$ cat model.cif   # mmCIF, N, CA and C atoms
data_start
#
loop_
_atom_site.label_atom_id
_atom_site.label_comp_id
_atom_site.auth_asym_id
_atom_site.auth_seq_id
_atom_site.Cartn_x
_atom_site.Cartn_y
_atom_site.Cartn_z
N MET A 1 36.40 35.91 60.63
CA MET A 1 37.71 35.84 60.01
C MET A 1 38.26 34.42 60.04
N GLN A 2 38.00 33.72 61.14
CA GLN A 2 38.54 32.37 61.26
C GLN A 2 37.91 31.44 60.23
N SER A 3 36.61 31.60 59.96
CA SER A 3 35.97 30.72 58.99
C SER A 3 36.51 30.95 57.59
N VAL A 4 36.90 32.19 57.26
CA VAL A 4 37.48 32.48 55.95
C VAL A 4 38.84 31.80 55.84
N LEU A 5 39.65 31.90 56.91
CA LEU A 5 40.96 31.26 56.88
C LEU A 5 40.86 29.75 56.81
N SER A 6 39.96 29.17 57.62
CA SER A 6 39.83 27.72 57.60
C SER A 6 39.26 27.25 56.27
N SER A 7 38.39 28.04 55.67
CA SER A 7 37.85 27.68 54.37
C SER A 7 38.95 27.71 53.31
N ARG A 8 39.79 28.74 53.36
CA ARG A 8 40.91 28.81 52.40
C ARG A 8 41.90 27.68 52.63
N PHE A 9 42.15 27.34 53.89
CA PHE A 9 43.04 26.23 54.19
C PHE A 9 42.45 24.93 53.66
N GLY A 10 41.16 24.74 53.85
CA GLY A 10 40.49 23.54 53.36
C GLY A 10 40.54 23.44 51.85
N GLN A 11 40.36 24.58 51.17
CA GLN A 11 40.43 24.58 49.72
C GLN A 11 41.84 24.27 49.24
N ALA A 12 42.84 24.82 49.92
CA ALA A 12 44.23 24.54 49.54
C ALA A 12 44.56 23.06 49.77
N ALA A 13 44.10 22.51 50.89
CA ALA A 13 44.35 21.09 51.16
C ALA A 13 43.67 20.22 50.12
N LEU A 14 42.45 20.59 49.73
CA LEU A 14 41.73 19.83 48.70
C LEU A 14 42.46 19.91 47.36
N ALA A 15 42.99 21.09 47.03
CA ALA A 15 43.72 21.25 45.77
C ALA A 15 44.99 20.40 45.78
N VAL A 16 45.69 20.35 46.90
CA VAL A 16 46.90 19.54 46.99
C VAL A 16 46.57 18.06 46.85
N LEU A 17 45.49 17.60 47.51
CA LEU A 17 45.08 16.20 47.39
C LEU A 17 44.67 15.86 45.96
N LEU A 18 43.97 16.78 45.31
CA LEU A 18 43.55 16.55 43.93
C LEU A 18 44.75 16.45 43.00
N LEU A 19 45.72 17.34 43.18
CA LEU A 19 46.93 17.28 42.35
C LEU A 19 47.71 15.99 42.60
N ALA A 20 47.78 15.56 43.85
CA ALA A 20 48.49 14.32 44.16
C ALA A 20 47.79 13.13 43.51
N ALA A 21 46.46 13.15 43.48
CA ALA A 21 45.72 12.05 42.87
C ALA A 21 45.88 12.03 41.35
N LEU A 22 46.01 13.20 40.75
CA LEU A 22 46.11 13.29 39.30
C LEU A 22 47.55 13.22 38.80
N TRP A 23 48.50 13.15 39.70
CA TRP A 23 49.91 13.11 39.30
C TRP A 23 50.15 11.87 38.44
N ALA A 24 51.07 11.96 37.52
CA ALA A 24 51.32 10.85 36.59
C ALA A 24 51.65 9.57 37.34
N MET A 25 51.00 8.50 36.92
CA MET A 25 51.21 7.19 37.52
C MET A 25 52.46 6.56 36.91
N PRO A 26 53.00 5.51 37.53
CA PRO A 26 54.11 4.81 36.91
C PRO A 26 53.71 4.21 35.57
N ALA A 27 54.60 3.49 34.95
CA ALA A 27 54.41 3.01 33.58
C ALA A 27 53.25 2.04 33.42
N THR A 28 52.74 1.45 34.49
CA THR A 28 51.65 0.52 34.35
C THR A 28 50.33 1.26 34.24
N ALA A 29 49.43 0.70 33.47
CA ALA A 29 48.12 1.31 33.29
C ALA A 29 47.23 0.92 34.46
N GLN A 30 46.35 1.79 34.84
CA GLN A 30 45.44 1.54 35.94
C GLN A 30 44.01 1.74 35.45
N SER A 31 43.10 0.94 35.94
CA SER A 31 41.71 1.06 35.57
C SER A 31 40.85 0.67 36.76
N LEU A 32 39.85 1.50 37.06
CA LEU A 32 38.96 1.18 38.17
C LEU A 32 38.08 -0.02 37.86
N PHE A 33 37.75 -0.20 36.60
CA PHE A 33 36.80 -1.23 36.23
C PHE A 33 37.46 -2.48 35.65
N ALA A 34 38.76 -2.57 35.71
CA ALA A 34 39.46 -3.75 35.19
C ALA A 34 39.18 -4.93 36.11
N ARG A 35 38.88 -6.05 35.51
CA ARG A 35 38.62 -7.25 36.29
C ARG A 35 39.91 -7.95 36.69
N HIS A 36 40.93 -7.81 35.85
CA HIS A 36 42.19 -8.51 36.09
C HIS A 36 43.36 -7.61 35.72
N GLN A 37 44.48 -7.83 36.38
CA GLN A 37 45.73 -7.18 36.03
C GLN A 37 46.63 -8.27 35.47
N VAL A 38 47.00 -8.15 34.20
CA VAL A 38 47.73 -9.20 33.49
C VAL A 38 49.18 -8.77 33.30
N THR A 39 50.11 -9.67 33.56
CA THR A 39 51.53 -9.42 33.31
C THR A 39 52.03 -10.45 32.31
N VAL A 40 52.67 -9.96 31.25
CA VAL A 40 53.27 -10.85 30.25
C VAL A 40 54.75 -10.53 30.16
N GLN A 41 55.54 -11.54 29.86
CA GLN A 41 56.97 -11.34 29.65
C GLN A 41 57.29 -11.76 28.22
N LEU A 42 57.86 -10.85 27.47
CA LEU A 42 58.14 -11.07 26.06
C LEU A 42 59.64 -11.23 25.86
N ALA A 43 60.00 -12.21 25.00
CA ALA A 43 61.41 -12.51 24.76
C ALA A 43 61.65 -12.74 23.28
N THR A 44 62.91 -12.63 22.89
CA THR A 44 63.30 -12.88 21.50
C THR A 44 63.33 -14.39 21.26
N SER A 45 63.59 -14.79 20.04
CA SER A 45 63.62 -16.21 19.70
C SER A 45 64.74 -16.97 20.42
N ASP A 46 65.81 -16.27 20.82
CA ASP A 46 66.89 -16.93 21.56
C ASP A 46 66.72 -16.83 23.08
N GLY A 47 65.56 -16.34 23.54
CA GLY A 47 65.26 -16.32 24.97
C GLY A 47 65.65 -15.06 25.71
N GLN A 48 66.22 -14.08 25.03
CA GLN A 48 66.61 -12.82 25.69
C GLN A 48 65.38 -11.94 25.89
N PRO A 49 65.24 -11.28 27.04
CA PRO A 49 64.09 -10.41 27.27
C PRO A 49 64.06 -9.24 26.28
N MET A 50 62.89 -8.88 25.82
CA MET A 50 62.73 -7.76 24.90
C MET A 50 62.60 -6.47 25.73
N ALA A 51 63.73 -5.90 26.10
CA ALA A 51 63.74 -4.70 26.93
C ALA A 51 63.34 -3.49 26.11
N ASP A 52 62.49 -2.66 26.70
CA ASP A 52 62.05 -1.38 26.11
C ASP A 52 61.49 -1.56 24.70
N ALA A 53 60.72 -2.61 24.50
CA ALA A 53 60.11 -2.88 23.20
C ALA A 53 58.71 -2.27 23.16
N GLU A 54 58.28 -1.85 21.99
CA GLU A 54 56.93 -1.30 21.80
C GLU A 54 55.93 -2.45 21.83
N VAL A 55 54.87 -2.31 22.65
CA VAL A 55 53.88 -3.36 22.83
C VAL A 55 52.50 -2.85 22.43
N LYS A 56 51.77 -3.70 21.73
CA LYS A 56 50.36 -3.44 21.42
C LYS A 56 49.56 -4.59 22.01
N VAL A 57 48.49 -4.25 22.73
CA VAL A 57 47.64 -5.25 23.36
C VAL A 57 46.29 -5.22 22.65
N PHE A 58 45.76 -6.41 22.32
CA PHE A 58 44.51 -6.52 21.60
C PHE A 58 43.48 -7.23 22.48
N ALA A 59 42.29 -6.65 22.58
CA ALA A 59 41.22 -7.22 23.39
C ALA A 59 40.56 -8.39 22.64
N PRO A 60 39.84 -9.24 23.37
CA PRO A 60 39.15 -10.36 22.72
C PRO A 60 38.15 -9.86 21.67
N GLY A 61 38.18 -10.47 20.51
CA GLY A 61 37.25 -10.12 19.45
C GLY A 61 37.62 -8.87 18.66
N GLN A 62 38.76 -8.25 18.97
CA GLN A 62 39.18 -7.04 18.27
C GLN A 62 40.66 -7.18 17.87
N PRO A 63 40.97 -8.09 16.96
CA PRO A 63 42.38 -8.35 16.62
C PRO A 63 43.03 -7.27 15.78
N ASN A 64 42.27 -6.35 15.23
CA ASN A 64 42.85 -5.32 14.35
C ASN A 64 42.98 -3.96 15.01
N ARG A 65 42.41 -3.79 16.19
CA ARG A 65 42.45 -2.49 16.86
C ARG A 65 43.09 -2.63 18.24
N PRO A 66 44.27 -2.02 18.44
CA PRO A 66 44.92 -2.14 19.75
C PRO A 66 44.09 -1.50 20.86
N ALA A 67 43.91 -2.23 21.94
CA ALA A 67 43.19 -1.71 23.09
C ALA A 67 44.12 -0.87 23.96
N LEU A 68 45.42 -1.13 23.86
CA LEU A 68 46.40 -0.48 24.72
C LEU A 68 47.77 -0.59 24.07
N THR A 69 48.58 0.44 24.23
CA THR A 69 49.96 0.39 23.76
C THR A 69 50.88 0.81 24.89
N GLY A 70 52.13 0.44 24.80
CA GLY A 70 53.11 0.81 25.82
C GLY A 70 54.47 0.22 25.49
N ARG A 71 55.32 0.15 26.51
CA ARG A 71 56.68 -0.38 26.34
C ARG A 71 56.97 -1.36 27.47
N THR A 72 57.79 -2.35 27.16
CA THR A 72 58.19 -3.31 28.18
C THR A 72 59.25 -2.69 29.09
N ASP A 73 59.45 -3.29 30.25
CA ASP A 73 60.50 -2.82 31.15
C ASP A 73 61.83 -3.49 30.76
N LYS A 74 62.84 -3.34 31.58
CA LYS A 74 64.17 -3.88 31.24
C LYS A 74 64.21 -5.41 31.22
N ASN A 75 63.21 -6.05 31.86
CA ASN A 75 63.13 -7.51 31.89
C ASN A 75 62.17 -8.06 30.84
N GLY A 76 61.66 -7.20 29.97
CA GLY A 76 60.73 -7.63 28.95
C GLY A 76 59.31 -7.83 29.44
N LYS A 77 59.00 -7.34 30.64
CA LYS A 77 57.66 -7.50 31.21
C LYS A 77 56.79 -6.31 30.86
N PHE A 78 55.50 -6.61 30.68
CA PHE A 78 54.51 -5.56 30.41
C PHE A 78 53.24 -5.94 31.16
N GLU A 79 52.64 -4.97 31.85
CA GLU A 79 51.46 -5.20 32.66
C GLU A 79 50.32 -4.36 32.12
N PHE A 80 49.14 -4.96 32.03
CA PHE A 80 47.98 -4.21 31.53
C PHE A 80 46.70 -4.67 32.23
N PRO A 81 45.71 -3.77 32.31
CA PRO A 81 44.43 -4.14 32.90
C PRO A 81 43.53 -4.80 31.85
N ALA A 82 42.84 -5.86 32.24
CA ALA A 82 41.90 -6.54 31.34
C ALA A 82 40.49 -6.37 31.90
N ASP A 83 39.64 -5.68 31.16
CA ASP A 83 38.30 -5.39 31.66
C ASP A 83 37.24 -6.39 31.19
N GLN A 84 37.66 -7.40 30.43
CA GLN A 84 36.72 -8.44 30.01
C GLN A 84 37.44 -9.78 29.91
N ASP A 85 36.66 -10.84 30.03
CA ASP A 85 37.22 -12.18 29.95
C ASP A 85 37.41 -12.57 28.49
N GLY A 86 38.33 -13.47 28.24
CA GLY A 86 38.58 -13.97 26.90
C GLY A 86 40.07 -14.05 26.62
N PHE A 87 40.41 -14.29 25.35
CA PHE A 87 41.81 -14.38 24.94
C PHE A 87 42.33 -13.01 24.55
N TRP A 88 43.26 -12.48 25.34
CA TRP A 88 43.93 -11.22 25.05
C TRP A 88 45.25 -11.56 24.37
N SER A 89 45.68 -10.72 23.44
CA SER A 89 46.97 -10.96 22.81
C SER A 89 47.83 -9.70 22.89
N ALA A 90 49.12 -9.91 23.00
CA ALA A 90 50.08 -8.81 23.05
C ALA A 90 51.15 -9.08 22.00
N GLU A 91 51.58 -8.01 21.36
CA GLU A 91 52.60 -8.11 20.32
C GLU A 91 53.67 -7.06 20.61
N ALA A 92 54.93 -7.50 20.68
CA ALA A 92 56.04 -6.59 20.95
C ALA A 92 56.99 -6.57 19.76
N LYS A 93 57.47 -5.36 19.44
CA LYS A 93 58.44 -5.20 18.35
C LYS A 93 59.66 -4.48 18.88
N SER A 94 60.81 -5.06 18.59
CA SER A 94 62.08 -4.45 18.96
C SER A 94 63.06 -4.73 17.83
N GLY A 95 63.32 -3.71 17.03
CA GLY A 95 64.19 -3.90 15.86
C GLY A 95 63.51 -4.81 14.86
N SER A 96 64.18 -5.89 14.49
CA SER A 96 63.60 -6.84 13.54
C SER A 96 62.87 -7.98 14.25
N GLU A 97 62.94 -8.04 15.57
CA GLU A 97 62.30 -9.11 16.34
C GLU A 97 60.84 -8.76 16.64
N VAL A 98 59.98 -9.75 16.54
CA VAL A 98 58.56 -9.61 16.89
C VAL A 98 58.21 -10.78 17.79
N ALA A 99 57.56 -10.49 18.92
CA ALA A 99 57.10 -11.54 19.83
C ALA A 99 55.61 -11.37 20.05
N ARG A 100 54.89 -12.49 20.06
CA ARG A 100 53.46 -12.47 20.29
C ARG A 100 53.12 -13.45 21.40
N VAL A 101 52.13 -13.08 22.19
CA VAL A 101 51.66 -13.95 23.25
C VAL A 101 50.15 -13.79 23.38
N SER A 102 49.47 -14.90 23.65
CA SER A 102 48.03 -14.88 23.93
C SER A 102 47.81 -15.36 25.35
N VAL A 103 46.91 -14.69 26.04
CA VAL A 103 46.64 -15.01 27.44
C VAL A 103 45.13 -15.14 27.62
N ARG A 104 44.72 -16.24 28.24
CA ARG A 104 43.30 -16.40 28.56
C ARG A 104 43.05 -15.72 29.89
N VAL A 105 42.16 -14.76 29.88
CA VAL A 105 41.84 -13.99 31.08
C VAL A 105 40.45 -14.39 31.55
N GLY A 106 40.32 -14.60 32.84
CA GLY A 106 39.02 -14.94 33.41
C GLY A 106 38.87 -16.43 33.56
N GLY A 107 37.68 -16.82 33.86
CA GLY A 107 37.42 -18.25 34.03
C GLY A 107 36.53 -18.47 35.21
N ALA A 108 36.77 -19.57 35.91
CA ALA A 108 35.89 -19.98 37.00
C ALA A 108 36.22 -19.30 38.31
N GLY A 109 37.24 -18.45 38.34
CA GLY A 109 37.63 -17.81 39.59
C GLY A 109 36.61 -16.78 40.06
N ARG A 110 36.78 -16.33 41.27
CA ARG A 110 35.87 -15.34 41.85
C ARG A 110 36.15 -13.98 41.23
N ASP A 111 35.09 -13.30 40.83
CA ASP A 111 35.20 -11.99 40.20
C ASP A 111 35.24 -10.92 41.28
N GLU A 112 36.35 -10.20 41.38
CA GLU A 112 36.52 -9.19 42.42
C GLU A 112 36.65 -7.81 41.81
N THR A 113 35.67 -7.42 41.02
CA THR A 113 35.72 -6.11 40.39
C THR A 113 34.99 -5.08 41.23
N LEU A 114 35.29 -3.85 40.98
CA LEU A 114 34.58 -2.75 41.59
C LEU A 114 33.46 -2.38 40.64
N SER A 115 32.26 -2.72 41.01
CA SER A 115 31.11 -2.48 40.14
C SER A 115 30.92 -0.98 39.94
N PRO A 116 30.66 -0.53 38.72
CA PRO A 116 30.39 0.89 38.49
C PRO A 116 29.18 1.38 39.28
N VAL A 117 28.22 0.52 39.50
CA VAL A 117 27.02 0.91 40.27
C VAL A 117 27.42 1.24 41.71
N TRP A 118 28.25 0.40 42.31
CA TRP A 118 28.69 0.67 43.68
C TRP A 118 29.55 1.93 43.76
N LEU A 119 30.40 2.12 42.78
CA LEU A 119 31.26 3.30 42.77
C LEU A 119 30.44 4.58 42.66
N ILE A 120 29.55 4.63 41.70
CA ILE A 120 28.72 5.83 41.51
C ILE A 120 27.77 6.03 42.69
N GLY A 121 27.21 4.93 43.20
CA GLY A 121 26.34 5.04 44.38
C GLY A 121 27.08 5.57 45.59
N GLY A 122 28.29 5.08 45.81
CA GLY A 122 29.09 5.57 46.94
C GLY A 122 29.45 7.04 46.80
N LEU A 123 29.81 7.45 45.59
CA LEU A 123 30.11 8.86 45.37
C LEU A 123 28.87 9.74 45.57
N PHE A 124 27.70 9.23 45.17
CA PHE A 124 26.47 9.97 45.37
C PHE A 124 26.16 10.14 46.85
N VAL A 125 26.35 9.08 47.64
CA VAL A 125 26.13 9.16 49.09
C VAL A 125 27.07 10.20 49.71
N LEU A 126 28.33 10.20 49.29
CA LEU A 126 29.28 11.19 49.82
C LEU A 126 28.86 12.60 49.44
N LEU A 127 28.36 12.79 48.24
CA LEU A 127 27.88 14.10 47.81
C LEU A 127 26.70 14.56 48.65
N VAL A 128 25.76 13.67 48.92
CA VAL A 128 24.60 14.01 49.75
C VAL A 128 25.04 14.36 51.16
N LEU A 129 25.97 13.60 51.72
CA LEU A 129 26.47 13.90 53.07
C LEU A 129 27.18 15.26 53.12
N ALA A 130 27.99 15.56 52.10
CA ALA A 130 28.67 16.85 52.07
C ALA A 130 27.67 17.99 51.95
N PHE A 131 26.64 17.82 51.14
CA PHE A 131 25.62 18.85 50.98
C PHE A 131 24.85 19.04 52.29
N ALA A 132 24.47 17.95 52.96
CA ALA A 132 23.74 18.04 54.22
C ALA A 132 24.60 18.73 55.29
N TYR A 133 25.87 18.40 55.34
CA TYR A 133 26.78 19.04 56.29
C TYR A 133 26.84 20.55 56.04
N ARG A 134 26.92 20.93 54.79
CA ARG A 134 26.98 22.36 54.44
C ARG A 134 25.69 23.07 54.84
N VAL A 135 24.54 22.44 54.61
CA VAL A 135 23.26 23.05 54.99
C VAL A 135 23.17 23.21 56.50
N VAL A 136 23.59 22.20 57.26
CA VAL A 136 23.56 22.28 58.72
C VAL A 136 24.48 23.40 59.21
N ARG A 137 25.65 23.55 58.63
CA ARG A 137 26.56 24.64 59.03
C ARG A 137 25.96 26.00 58.74
N ILE A 138 25.33 26.16 57.61
CA ILE A 138 24.72 27.45 57.27
C ILE A 138 23.58 27.76 58.22
N ARG A 139 22.75 26.79 58.53
CA ARG A 139 21.62 27.01 59.44
C ARG A 139 22.08 27.29 60.87
N SER A 140 23.19 26.71 61.28
CA SER A 140 23.66 26.93 62.65
C SER A 140 24.25 28.32 62.81
N ARG A 141 24.63 28.97 61.75
CA ARG A 141 25.22 30.32 61.82
C ARG A 141 24.17 31.43 61.76
N ARG A 142 22.95 31.10 61.37
CA ARG A 142 21.90 32.11 61.29
C ARG A 142 21.52 32.59 62.68
N PRO A 143 21.20 33.87 62.79
CA PRO A 143 20.71 34.33 64.10
C PRO A 143 19.30 33.78 64.36
N PRO A 144 18.95 33.57 65.61
CA PRO A 144 17.63 33.03 65.92
C PRO A 144 16.53 34.01 65.48
N PRO A 145 15.40 33.48 65.03
CA PRO A 145 14.31 34.37 64.59
C PRO A 145 13.74 35.14 65.78
N GLY A 146 13.36 36.33 65.50
CA GLY A 146 12.72 37.01 66.61
C GLY A 146 12.95 38.41 66.64
#
$ encode --input "model.cif" --output "structure tokens"
Amino acid sequence: MQSVLSSRFGQAALAVLLLAALWAMPATAQSLFARHQVTVQLATSDGQPMADAEVKVFAPGQPNRPALTGRTDKNGKFEFPADQDGFWSAEAKSGSEVARVSVRVGGAGRDETLSPVWLIGGLFVLLVLAFAYRVVRIRSRRPPPG
């Protein structure tokens, strides 16, 4: 009876953790494989921040297809993940005002990305450990042969 209760408790705890992980993130975009987190501040021609303006971000080499869309905050700032090096551009529209900015991402700095190979390898190791633990538990509950 205790193993059934602890198993149900474990499943409930796992469900709560999964829901917490999947809960909506704040307005900034997140990416596991992004190499850089870029912040741009967009302003009107007279220097006023473009608050709550619609923003389109374009990746290097793709000037006609937005890689990401969103809205600026009250200070005209917008943050986005950049998964490749090069010139990224952002365009904000608020009423009749349009602001554009280009940002060079990457360069000679140290690359601190989470490699997909390491991520998938680590998850595979965790899966193997969980499976081995389960097999050991099942074998320890069997009655001795005889």
$ atom_distance --input "model.cif" --atom1 "atom C of A:Pro63" --atom2 "atom C of A:Arg100"
13.1 Å
$ residues_around --input "model.cif" --residues "A:Asp52" --least-positions-apart "4" --cutoff "12 Å" --atoms "only C-alpha atoms" --output "ChimeraX atom specification"
/A:27,41-43,70-78,92-95
$ write_last_selection --input "model.cif" --atoms "N, CA and C atoms" --output "PDB file, in the coordinates of the input"
ATOM      1  N   ALA A  27      54.600   3.490  34.950  1.00  0.00           N
ATOM      2  CA  ALA A  27      54.410   3.010  33.580  1.00  0.00           C
ATOM      3  C   ALA A  27      53.250   2.040  33.420  1.00  0.00           C
ATOM      4  N   GLN A  41      55.540 -11.540  29.860  1.00  0.00           N
ATOM      5  CA  GLN A  41      56.970 -11.340  29.650  1.00  0.00           C
ATOM      6  C   GLN A  41      57.290 -11.760  28.220  1.00  0.00           C
ATOM      7  N   LEU A  42      57.860 -10.850  27.470  1.00  0.00           N
ATOM      8  CA  LEU A  42      58.140 -11.070  26.060  1.00  0.00           C
ATOM      9  C   LEU A  42      59.640 -11.230  25.860  1.00  0.00           C
ATOM     10  N   ALA A  43      60.000 -12.210  25.000  1.00  0.00           N
ATOM     11  CA  ALA A  43      61.410 -12.510  24.760  1.00  0.00           C
ATOM     12  C   ALA A  43      61.650 -12.740  23.280  1.00  0.00           C
ATOM     13  N   GLY A  70      52.130   0.440  24.800  1.00  0.00           N
ATOM     14  CA  GLY A  70      53.110   0.810  25.820  1.00  0.00           C
ATOM     15  C   GLY A  70      54.470   0.220  25.490  1.00  0.00           C
ATOM     16  N   ARG A  71      55.320   0.150  26.510  1.00  0.00           N
ATOM     17  CA  ARG A  71      56.680  -0.380  26.340  1.00  0.00           C
ATOM     18  C   ARG A  71      56.970  -1.360  27.470  1.00  0.00           C
ATOM     19  N   THR A  72      57.790  -2.350  27.160  1.00  0.00           N
ATOM     20  CA  THR A  72      58.190  -3.310  28.180  1.00  0.00           C
ATOM     21  C   THR A  72      59.250  -2.690  29.090  1.00  0.00           C
ATOM     22  N   ASP A  73      59.450  -3.290  30.250  1.00  0.00           N
ATOM     23  CA  ASP A  73      60.500  -2.820  31.150  1.00  0.00           C
ATOM     24  C   ASP A  73      61.830  -3.490  30.760  1.00  0.00           C
ATOM     25  N   LYS A  74      62.840  -3.340  31.580  1.00  0.00           N
ATOM     26  CA  LYS A  74      64.170  -3.880  31.240  1.00  0.00           C
ATOM     27  C   LYS A  74      64.210  -5.410  31.220  1.00  0.00           C
ATOM     28  N   ASN A  75      63.210  -6.050  31.860  1.00  0.00           N
ATOM     29  CA  ASN A  75      63.130  -7.510  31.890  1.00  0.00           C
ATOM     30  C   ASN A  75      62.170  -8.060  30.840  1.00  0.00           C
ATOM     31  N   GLY A  76      61.660  -7.200  29.970  1.00  0.00           N
ATOM     32  CA  GLY A  76      60.730  -7.630  28.950  1.00  0.00           C
ATOM     33  C   GLY A  76      59.310  -7.830  29.440  1.00  0.00           C
ATOM     34  N   LYS A  77      59.000  -7.340  30.640  1.00  0.00           N
ATOM     35  CA  LYS A  77      57.660  -7.500  31.210  1.00  0.00           C
ATOM     36  C   LYS A  77      56.790  -6.310  30.860  1.00  0.00           C
ATOM     37  N   PHE A  78      55.500  -6.610  30.680  1.00  0.00           N
ATOM     38  CA  PHE A  78      54.510  -5.560  30.410  1.00  0.00           C
ATOM     39  C   PHE A  78      53.240  -5.940  31.160  1.00  0.00           C
ATOM     40  N   ALA A  92      54.930  -7.500  20.680  1.00  0.00           N
ATOM     41  CA  ALA A  92      56.040  -6.590  20.950  1.00  0.00           C
ATOM     42  C   ALA A  92      56.990  -6.570  19.760  1.00  0.00           C
ATOM     43  N   LYS A  93      57.470  -5.360  19.440  1.00  0.00           N
ATOM     44  CA  LYS A  93      58.440  -5.200  18.350  1.00  0.00           C
ATOM     45  C   LYS A  93      59.660  -4.480  18.880  1.00  0.00           C
ATOM     46  N   SER A  94      60.810  -5.060  18.590  1.00  0.00           N
ATOM     47  CA  SER A  94      62.080  -4.450  18.960  1.00  0.00           C
ATOM     48  C   SER A  94      63.060  -4.730  17.830  1.00  0.00           C
ATOM     49  N   GLY A  95      63.320  -3.710  17.030  1.00  0.00           N
ATOM     50  CA  GLY A  95      64.190  -3.900  15.860  1.00  0.00           C
ATOM     51  C   GLY A  95      63.510  -4.810  14.860  1.00  0.00           C
TER      52      GLY A  95
END
$ axis_aligned_box --input "model.cif" --around "stretch 77-85 of chain A" --padding-each-side "6 Å" --output "JSON"
{"center_x": 47.8, "center_y": -8.2, "center_z": 30.7, "size_x": 34.3, "size_y": 20.8, "size_z": 16.4}
$ atom_distance --input "model.cif" --atom1 "atom N of A:Arg139" --atom2 "atom CA of A:Leu126"
19.0 Å
$ residues_around --input "model.cif" --residues "A:Phe58" --least-positions-apart "6" --cutoff "8 Å" --atoms "only N, CA and C atoms" --output "list of chain:residue names"
A:Asn64, A:Arg65, A:Pro66, A:Ala67, A:Leu68, A:Thr69, A:Phe87, A:Trp88, A:Ser89, A:Ala90, A:Glu91
$ atom_distance --input "model.cif" --atom1 "atom CA of A:Pro116" --atom2 "atom N of A:Gln84"
13.7 Å
$ build_atoms --input "model.cif" --residues "stretch 80-85 of chain A" --atoms "all heavy atoms" --output "short mmCIF file (atom, residue, chain, number, x, y, z; two decimals), in the coordinates of the input"
data_model
loop_
_atom_site.label_atom_id
_atom_site.label_comp_id
_atom_site.auth_asym_id
_atom_site.auth_seq_id
_atom_site.Cartn_x
_atom_site.Cartn_y
_atom_site.Cartn_z
N PHE A 80 49.14 -4.96 32.03
CA PHE A 80 47.98 -4.21 31.53
C PHE A 80 46.70 -4.67 32.23
O PHE A 80 46.61 -5.81 32.68
CB PHE A 80 47.84 -4.37 30.01
CG PHE A 80 47.59 -5.76 29.53
CD1 PHE A 80 46.30 -6.22 29.32
CD2 PHE A 80 48.64 -6.64 29.26
CE1 PHE A 80 46.06 -7.50 28.87
CE2 PHE A 80 48.42 -7.92 28.80
CZ PHE A 80 47.11 -8.36 28.61
N PRO A 81 45.71 -3.77 32.31
CA PRO A 81 44.43 -4.14 32.90
C PRO A 81 43.53 -4.80 31.85
O PRO A 81 43.47 -4.35 30.71
CB PRO A 81 43.85 -2.80 33.35
CG PRO A 81 44.42 -1.82 32.40
CD PRO A 81 45.79 -2.33 32.05
N ALA A 82 42.84 -5.86 32.24
CA ALA A 82 41.90 -6.54 31.34
C ALA A 82 40.49 -6.37 31.90
O ALA A 82 40.21 -6.84 33.00
CB ALA A 82 42.26 -8.01 31.21
N ASP A 83 39.64 -5.68 31.16
CA ASP A 83 38.30 -5.39 31.66
C ASP A 83 37.24 -6.39 31.19
O ASP A 83 36.08 -6.23 31.50
CB ASP A 83 37.89 -3.98 31.28
CG ASP A 83 37.90 -3.74 29.78
OD1 ASP A 83 38.31 -4.65 29.04
OD2 ASP A 83 37.50 -2.65 29.35
N GLN A 84 37.66 -7.40 30.43
CA GLN A 84 36.72 -8.44 30.01
C GLN A 84 37.44 -9.78 29.91
O GLN A 84 38.66 -9.83 29.74
CB GLN A 84 36.06 -8.07 28.69
CG GLN A 84 37.04 -7.82 27.55
CD GLN A 84 36.33 -7.41 26.27
OE1 GLN A 84 35.42 -8.09 25.85
NE2 GLN A 84 36.75 -6.32 25.68
N ASP A 85 36.66 -10.84 30.03
CA ASP A 85 37.22 -12.18 29.95
C ASP A 85 37.41 -12.57 28.49
O ASP A 85 36.74 -12.06 27.60
CB ASP A 85 36.28 -13.19 30.61
CG ASP A 85 36.19 -12.98 32.12
OD1 ASP A 85 37.04 -12.25 32.66
OD2 ASP A 85 35.27 -13.54 32.74
#
